[in-house]
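See structure below.
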Amino acid sequence: MGFLNIDNVTKSYGSVEVLHRVDIAVEEGEFLVLVGPSGCGKSTLLNMIAGLEDITTGEISIKGQVMNGVHPSKRNIAMVFQSYALYPNMTVGQNITFGLEMHGVAKPERDKAMADVARLLQIEQLLDRKPGQLSGGQRQRVAMGRALVRDPDVFLFDEPLSNLDAKLRVDMRTEIKKLHQKLGTTIVYVTHDQIEAMTLSTRIAVMNGGYVQQLGTPKEIYDTPANIFVASFMGSPSMNLIPATIVDKDGAAHAEITDASGNAKHLRFSGGGLSGQDGRGIILGVRPESITDMEGADRKSTNIETITNTVGVTEPAGSDTFVTSQMSGRECIARMRADAEVRPGATIEFAVNMDKALVFDPQTEERVV
């Protein structure tokens, strides 16, 4: 049993079940991110942990105590909302200590807790200002300070960075990560942004349609996605998913795909897990960084296959150049070096790292290897 235990939890509205048998054990000090598209159930699950939504079936417990039916104020959790939810008529300092005041904490203790949190978040100079005088990033720090000052068992973050501009989101993401590393707090964090999920978490629960599609570390989720949904949702640009056929050739299994001109090409699989399946239709999954120019190919790979193909579009992106090409009628993205000499319409040799290639079943959409 984890520090925060979500045991076989479901949520229904009338006859419609929107969360289906969720099982997650969160250890103390862990940073769990719930990620998925809008409507997947991640915020509903967070609200159930907070006590803002009732549990239909199953149990949620914190530190071994069942929370079903326990009022939110009695759960010793702190929540940071997308909207910040600051009181506009109060100063920053009053916003931070308001919850402590409502719980009857003495003023000297409140003041000390506020000073400690303000120093930690570097907002000492803002304590006498009103929320209307603050930037978005400053308001986010105040909202975090209000949560931190209570020293809760679990922190719940509900898309806290979605209202910030792109640069500030990156900066605040770093601050939240530093804060977790420094304090070792238990955090459950909801986002639809898979970059946030990958960079912040110790573990990720990828959700879709009310189901947890996969639960694992960022590396597990990225390198070995359980199904096509996880493979396509996690990663930017997302994984290339190429229709292919297994062909036995020269004693080894190959993926047969077609190039931009419709010509058949064969890419040898690493390992022997697909031998004896000649003619089977599959979906070949290859990350953009595993398709590159020859000079940029992974020197540690034991199996670099090549395909001569026509370049569709090039997209310089500073540190990388993204190159599209057609494979089996699908537009595929390759990640190449910034100085790779490629131009639209040119025919070049692409290097495909088959050590990193994955195989999915077209019918079940589950990963085969």
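Labels for the structure tokens follow display order: chains A, B, ..., residues from 1 in each chain, ligands from 1.
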
Query raised in the report: Contacts of Val313 of chain A at 7 Å or less, counting only C-alpha atoms, minus same-chain residues fewer than 4 places along, as a list of chain:residue names?
Result: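 Non-adjacent residues within range: A:Val323, A:Thr324, A:Pro344.
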
Can you write just those residues out, C-alpha atoms, as a PDB file, in the first residue's frame?
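As written to disk, again_28.pdb reads:
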ATOM      1  CA  VAL A 323      12.454  16.521 -42.017  1.00  0.00           C
ATOM      2  CA  THR A 324       9.235  14.948 -43.302  1.00  0.00           C
ATOM      3  CA  PRO A 344      12.606  19.738 -50.106  1.00  0.00           C
TER       4      PRO A 344
END

Extract, using only C-alpha atoms, all DNA, RNA and protein residues at most 7 Å from segment 51-67 of chain A, discarding same-chain residues fewer than 3 positions from it, and format them as a short mmCIF file (atom, residue, chain, number, x, y, z; two decimals) with C-alpha atoms, in the first residue's frame.
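New file out.cif:
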data_model
loop_
_atom_site.label_atom_id
_atom_site.label_comp_id
_atom_site.auth_asym_id
_atom_site.auth_seq_id
_atom_site.Cartn_x
_atom_site.Cartn_y
_atom_site.Cartn_z
CA PHE A 3 1.33 6.70 1.05
CA LEU A 4 -1.63 7.75 -1.14
CA ASN A 5 -3.59 4.71 -2.27
CA ILE A 6 -6.19 4.79 -5.05
CA ASP A 7 -7.81 1.36 -4.92
CA ASN A 8 -10.19 0.18 -7.67
CA VAL A 9 -11.84 3.62 -7.87
CA THR A 10 -14.70 4.40 -10.23
CA LYS A 11 -16.78 7.52 -10.80
CA SER A 12 -20.25 7.59 -12.35
CA ASN A 47 -10.97 16.21 -7.29
CA MET A 48 -11.84 12.81 -5.79
CA VAL A 70 -14.06 12.66 4.73
CA HIS A 71 -14.59 16.43 4.28
CA PRO A 72 -11.86 18.18 2.22
#

**Report entry** DSSP strand (DSSP E or B) residues within segment 241-345 of chain A, as number ranges by chain
**Finding:** A: 241-249, 252-258, 264-268, 281-286, 291-293, 304-310, 314-316, 320-327, 330-337

Query - Which residue of A:Met294, A:Val352, A:Thr314, A:Gln213 approaches Ser270 of chain A most closely, using only C-alpha atoms - result: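 Smallest separation from Ser270 of chain A among the options: A:Val352.
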
Each residue of segment 272-335 of chain A lying at most 7 Å from segment 235-246 of chain A should get a row with its shortest atom-to-atom pair and the distance in Å to one decimal, counting only C-alpha atoms; could you produce that, ordered by chain and increasing number, as CSV?
residue,atom,partner,partner_atom,distance
A:Gln277,CA,A:Ile246,CA,6.5
A:Asp278,CA,A:Ile246,CA,5.3
A:Gly279,CA,A:Ile246,CA,5.3
A:Arg280,CA,A:Ile246,CA,5.3
A:Gly281,CA,A:Thr245,CA,4.5
A:Ile282,CA,A:Ala244,CA,5.3
A:Ile283,CA,A:Pro243,CA,4.7
A:Leu284,CA,A:Ile242,CA,4.9
A:Gly285,CA,A:Leu241,CA,4.7
A:Val286,CA,A:Asn240,CA,5.2
A:Arg287,CA,A:Met239,CA,4.5
A:Pro288,CA,A:Met239,CA,6.4
A:Met327,CA,A:Ile242,CA,6.8
A:Ser328,CA,A:Pro243,CA,6.1
A:Arg330,CA,A:Ile242,CA,6.5
A:Cys332,CA,A:Asn240,CA,5.7
A:Ile333,CA,A:Asn240,CA,6.8

Requested in this report: Counting only C-alpha atoms, figure out which residue out of A:Ser290, A:Ser38, A:Asn263, A:Gln181 gets nearest to Met354 of chain A.
Outcome: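 Closest to Met354 of chain A of all the choices is A:Ser290.
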
Query raised in the report: Any idea what the distance is between atom CA of Ile49 of chain A and atom CA of Thr191 of chain A?
Result: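 Taking atom CA of Ile49 of chain A and atom CA of Thr191 of chain A, their separation equals 15.7 Å.
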
Query - Neighbour list for Leu200 of chain A as a list of chain:residue names, cut-off 12 Å, only C-alpha atoms, skip fewer than 5 positions in-chain - result: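 My reading of the contact set: A:Glu30, A:Phe31, A:Leu32, A:Val33, A:Leu34, A:Val35, A:Phe157, A:Val170, A:Met172, A:Arg173, A:Thr174, A:Glu175, A:Ile176, A:Lys177, A:Lys178, A:Leu179, A:His180, A:Gln181, A:Ile187, A:Val188, A:Tyr189, A:Val190, A:Thr191, A:Asp193, A:Gln194, A:Ile195, A:Thr217, A:Pro218.
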
Produce a file of the selected residues containing C-alpha atoms, as a short mmCIF file (atom, residue, chain, number, x, y, z; two decimals), in the first residue's frame.
data_model
loop_
_atom_site.label_atom_id
_atom_site.label_comp_id
_atom_site.auth_asym_id
_atom_site.auth_seq_id
_atom_site.Cartn_x
_atom_site.Cartn_y
_atom_site.Cartn_z
CA GLU A 30 6.73 10.76 -5.17
CA PHE A 31 5.78 13.20 -7.95
CA LEU A 32 2.91 11.56 -9.85
CA VAL A 33 1.63 13.30 -12.98
CA LEU A 34 -1.82 12.50 -14.39
CA VAL A 35 -1.67 13.33 -18.09
CA PHE A 157 -1.79 20.66 -8.64
CA VAL A 170 9.31 26.61 -18.59
CA MET A 172 7.90 27.78 -13.33
CA ARG A 173 8.27 24.13 -14.30
CA THR A 174 11.90 24.31 -13.21
CA GLU A 175 10.91 26.04 -9.95
CA ILE A 176 8.34 23.34 -9.13
CA LYS A 177 10.91 20.62 -9.83
CA LYS A 178 13.49 22.34 -7.59
CA LEU A 179 10.87 22.71 -4.86
CA HIS A 180 10.03 19.01 -4.97
CA GLN A 181 13.69 18.01 -4.89
CA ILE A 187 2.65 15.63 -5.27
CA VAL A 188 -0.15 14.65 -7.64
CA TYR A 189 -0.10 16.95 -10.66
CA VAL A 190 -2.66 17.16 -13.48
CA THR A 191 -1.72 18.41 -16.95
CA ASP A 193 1.00 18.91 -21.52
CA GLN A 194 3.15 15.82 -22.05
CA ILE A 195 6.38 17.87 -21.82
CA THR A 217 8.46 6.20 -15.08
CA PRO A 218 8.97 8.83 -17.81
#

Excluding segment 219-226 of chain A and any residue of its chain fewer than 4 positions from it, enumerate the residues within 8 Å of it, using only C-alpha atoms, and give them as a short mmCIF file (atom, residue, chain, number, x, y, z; two decimals) with C-alpha atoms, in the first residue's frame.
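result-v1.cif written:
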data_model
loop_
_atom_site.label_atom_id
_atom_site.label_comp_id
_atom_site.auth_asym_id
_atom_site.auth_seq_id
_atom_site.Cartn_x
_atom_site.Cartn_y
_atom_site.Cartn_z
CA ILE A 204 3.30 9.19 -15.01
CA GLN A 213 -3.58 3.46 -20.24
CA GLN A 214 -0.14 3.08 -18.67
CA LEU A 215 1.56 3.81 -15.35
CA VAL A 230 0.45 6.26 -25.32
CA ALA A 231 3.01 6.10 -28.14
CA MET A 234 3.74 11.09 -25.31
CA GLY A 235 6.59 12.73 -27.20
CA LYS A 356 14.65 1.53 -30.91
CA LEU A 358 8.58 -0.89 -31.64
CA GLU A 366 -1.25 -3.01 -28.03
CA ARG A 367 2.56 -3.14 -28.21
#

Query raised in the report: Any idea what's packed within 12 Å of Arg343 of chain A, counting only C-alpha atoms, ignoring anything in its chain fewer than 3 positions away? Could you give it as a ChimeraX atom specification?
Result: /A:310-316,321-325,339-340,346-348
